[in-house]
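Shown next, in structure tokens, is the structure this report addresses.
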Amino acid sequence: MASKTKWITMRFGGGWATDFGPRAYNAPDAAMNYTIPWLNDAFDVVYEFDGGPHKCPGTAALNSTTLGGSSSVRGVFDYWRQGTGGAPSQRIVAHVDTRVLDVTGGSTTVLATGLSDSGIPHYDTFDDFLIIGSDSSSDVPRSWDQTTFQNLAGSPPRFSFSTNWKSRQFAAGVYTAPSTLYYSPSADPEDWTGAGSGSITVSPNDGDMIVGIISHKNELIIFKGPYKGSIHRLQGSTPSDFAVVPFIKGIPAVWQNSIFRFGDDVGWLSPFGTVHSLNATDKFGNYVQSYLTYPIGSHVRENMNHGRLRQAWAVDVPNRGYVLITYPDAGQTNNNRCLMMDYRWLPQGEPFPRWAMWKSFQFASLGLVVDASNRQRLFGGDYSGFVYKTDQPTRTHASAAITATVTTPSLTFGDELTMKTLERAAVGVRPYNNNSLAFRWQRDNQTQQSYSGLTQGGGDVLGSAASNQFTLDTSQLAGANFIPRFMELEEGGEFRAVSFQVEDSTNNSDLELHTIGAGVSVGAASTEN
């Protein structure tokens, strides 16, 4: 049988997708360059600008000892007070068990005790006050000015969340008035009954309550849920011309903390696990093809604990171009997974963001914090009393390895009839070390195979805890070049379609993958099973 060996260089053209099928049918171009259209697995990765998956950053603990035994950190917030002296002051606030703590710098100061140990907090700042709401019916709104922590003054309603818009504080999530939006007088969040304060009823008795509000493009967007769902826009400038304009029905939001800004848009998590955006909804309405989670629809339908999504948090990390959404898997009580939504591809014309799942983190809460050197960094509170600073160069979390796993769909290379033989392979990486990599392939319905002895091929690294630590005047520093790592596969085997998997499970080990190569010999067409 005549055969001809071809070398195929594969680059990454899409993110994690559970709903595009197990097999891809596209073919290489004339130069034998091939685009992997999506990934069946993309665990604990972010994406480079060429689409290559890169192991997600690690974490560093803010506090050296637990903030409360096995207690969960239910909220984290970065509170800045500008003041009048030209020297703004930063405090990092956390909710832990029944307490509110100042955890700035990793030290702990108790601000308040006696709160609900299960309430979901919400934070906002206005008029130099930190204003705290809670979805617990036993907690009342609080305020802190970095000196006095107290019940919010001015006889406010017992709201769950609030935000400022048009120089007023707006609040909702009041169980005794579920469809009512309250507002304070201009520039005074400590007055809820005096002149200039008031309330607006939004679509009353529709079976839902107000579950979130956010200021966006000169409007206050009002979300109702969690059952039938509707979105409304509050327009105007003063109580005399405030007007509620219906936007759409049928898309509920789950709760305030999973509503987020990203780019020039607003996104939110629904009680069904789907993620939506205002821009896409405005253009296409309630069509499933407009859901941001369209590529992972089966996952969010079948693998989320929808009854616990109120405790989900969603936070944009603008300097990274992704949103992180922490949530509980089906059958789980705590948030044990994170969805990573890379939205940088949307302005380039792609219909959906690129998704990945982070499996190494169990964050009860998320908050964006201005860390050292004015760098925005995502902070996550866990379930054992620790606050973690993410976006760390070390690829470790809580001293445990972060395992990056990338799996392609089964690739026919444009021809599923012809039998092909895998003779050799390569991974194109930017080497950060010389640690081992797992390279695996699965032919059709055969057992997955693996190659042993593959390393990144780099030199040593600065500050590594691994054995290949940089030695002055001896070592060659890793990470400077892109190199393909070739493998001869004596038992690569025959296939009609083949799936590739690359994994790095070494602690403190980075992985940046840009290509997968395959040497394939093409035989005759066959219709045998």
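Residues in the structure tokens are named by chain (A, B, ... in the order shown) and by number from 1 within that chain; ligands are numbered from 1 in the order shown.
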
Next on the checklist: Using only C-alpha atoms, which protein or nucleic acid residues come within 10 Å of segment 346-354 of chain A? Drop anything in the same chain fewer than 2 positions from it, and give the result as a VMD selection string.
Outcome noted: chain A and resid 13 to 17 38 to 39 46 to 47 51 263 280 289 to 295 322 340 to 344 356

Next on the checklist: Report as an MDAnalysis selection string all protein, DNA and RNA residues lying within 7 Å of segment 137-149 of chain A, evaluated on only C-alpha atoms, omitting residues in the same chain fewer than 4 positions from it.
Outcome noted: chainID A and resid 111 115:116 128:133 158:159

Write out as a PDB file with N, CA, C and O atoms, in the first residue's frame each polymer residue whose atoms come within 6 Å of Phe223 of chain A, counting only C-alpha atoms; drop sequence neighbours fewer than 4 positions from it.
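Final file, result-v7.pdb:
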ATOM      1  N   ILE A 210     -36.772  42.065  42.676  1.00  0.00           N
ATOM      2  CA  ILE A 210     -35.563  42.699  42.151  1.00  0.00           C
ATOM      3  C   ILE A 210     -34.357  41.960  42.726  1.00  0.00           C
ATOM      4  O   ILE A 210     -34.201  41.871  43.949  1.00  0.00           O
ATOM      5  N   VAL A 211     -33.530  41.415  41.839  1.00  0.00           N
ATOM      6  CA  VAL A 211     -32.392  40.614  42.279  1.00  0.00           C
ATOM      7  C   VAL A 211     -31.057  41.269  41.947  1.00  0.00           C
ATOM      8  O   VAL A 211     -30.000  40.731  42.291  1.00  0.00           O
ATOM      9  N   GLY A 212     -31.077  42.432  41.277  1.00  0.00           N
ATOM     10  CA  GLY A 212     -29.824  43.101  40.975  1.00  0.00           C
ATOM     11  C   GLY A 212     -30.044  44.434  40.295  1.00  0.00           C
ATOM     12  O   GLY A 212     -31.051  44.632  39.600  1.00  0.00           O
ATOM     13  N   ILE A 231     -35.973  42.468  32.639  1.00  0.00           N
ATOM     14  CA  ILE A 231     -34.960  43.507  32.802  1.00  0.00           C
ATOM     15  C   ILE A 231     -35.602  44.840  32.444  1.00  0.00           C
ATOM     16  O   ILE A 231     -36.364  44.946  31.473  1.00  0.00           O
TER      17      ILE A 231
END

Item to check | atom CA of Ile248 of chain A to atom CA of Thr281 of chain A, straight-line distance in Å | outcome: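 That distance, rounded to one decimal, is 8.2 Å.
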
Checklist entry - If you count only C-alpha atoms, which residues fall within 9 Å of Gly385 of chain A, apart from same-chain ones fewer than 2 positions away, as a PyMOL selection string? => result chain A and resi 63+65-73+96-97+381-383+387

Item to check | Long-range neighbours of Ser452 of chain A as a ChimeraX atom specification, 10 Å cut-off, only C-alpha atoms, 4 positions minimum in chain | outcome: /A:436-440,487

Next on the checklist: Quick one: residues within 7 Å of Glu423 of chain A, only C-alpha atoms, excluding same-chain residues fewer than 4 positions away - as a ChimeraX atom specification?
Outcome noted: /A:488-490,492,519-520

Next on the checklist: At a cut-off of 9 Å, using only C-alpha atoms, what residues contact segment 408-416 of chain A? Leave out same-chain residues fewer than 2 positions from it and give the result as a ChimeraX atom specification.
Outcome noted: /A:21-28,34,36-42,406,418-419,442-444,495-501,525

Checklist outcome for this item: Across A:Asn205, A:Asn33, A:Thr104, A:Glu302, the smallest distance to Ser89 of chain A, with only C-alpha atoms counted, is shown by A:Thr104
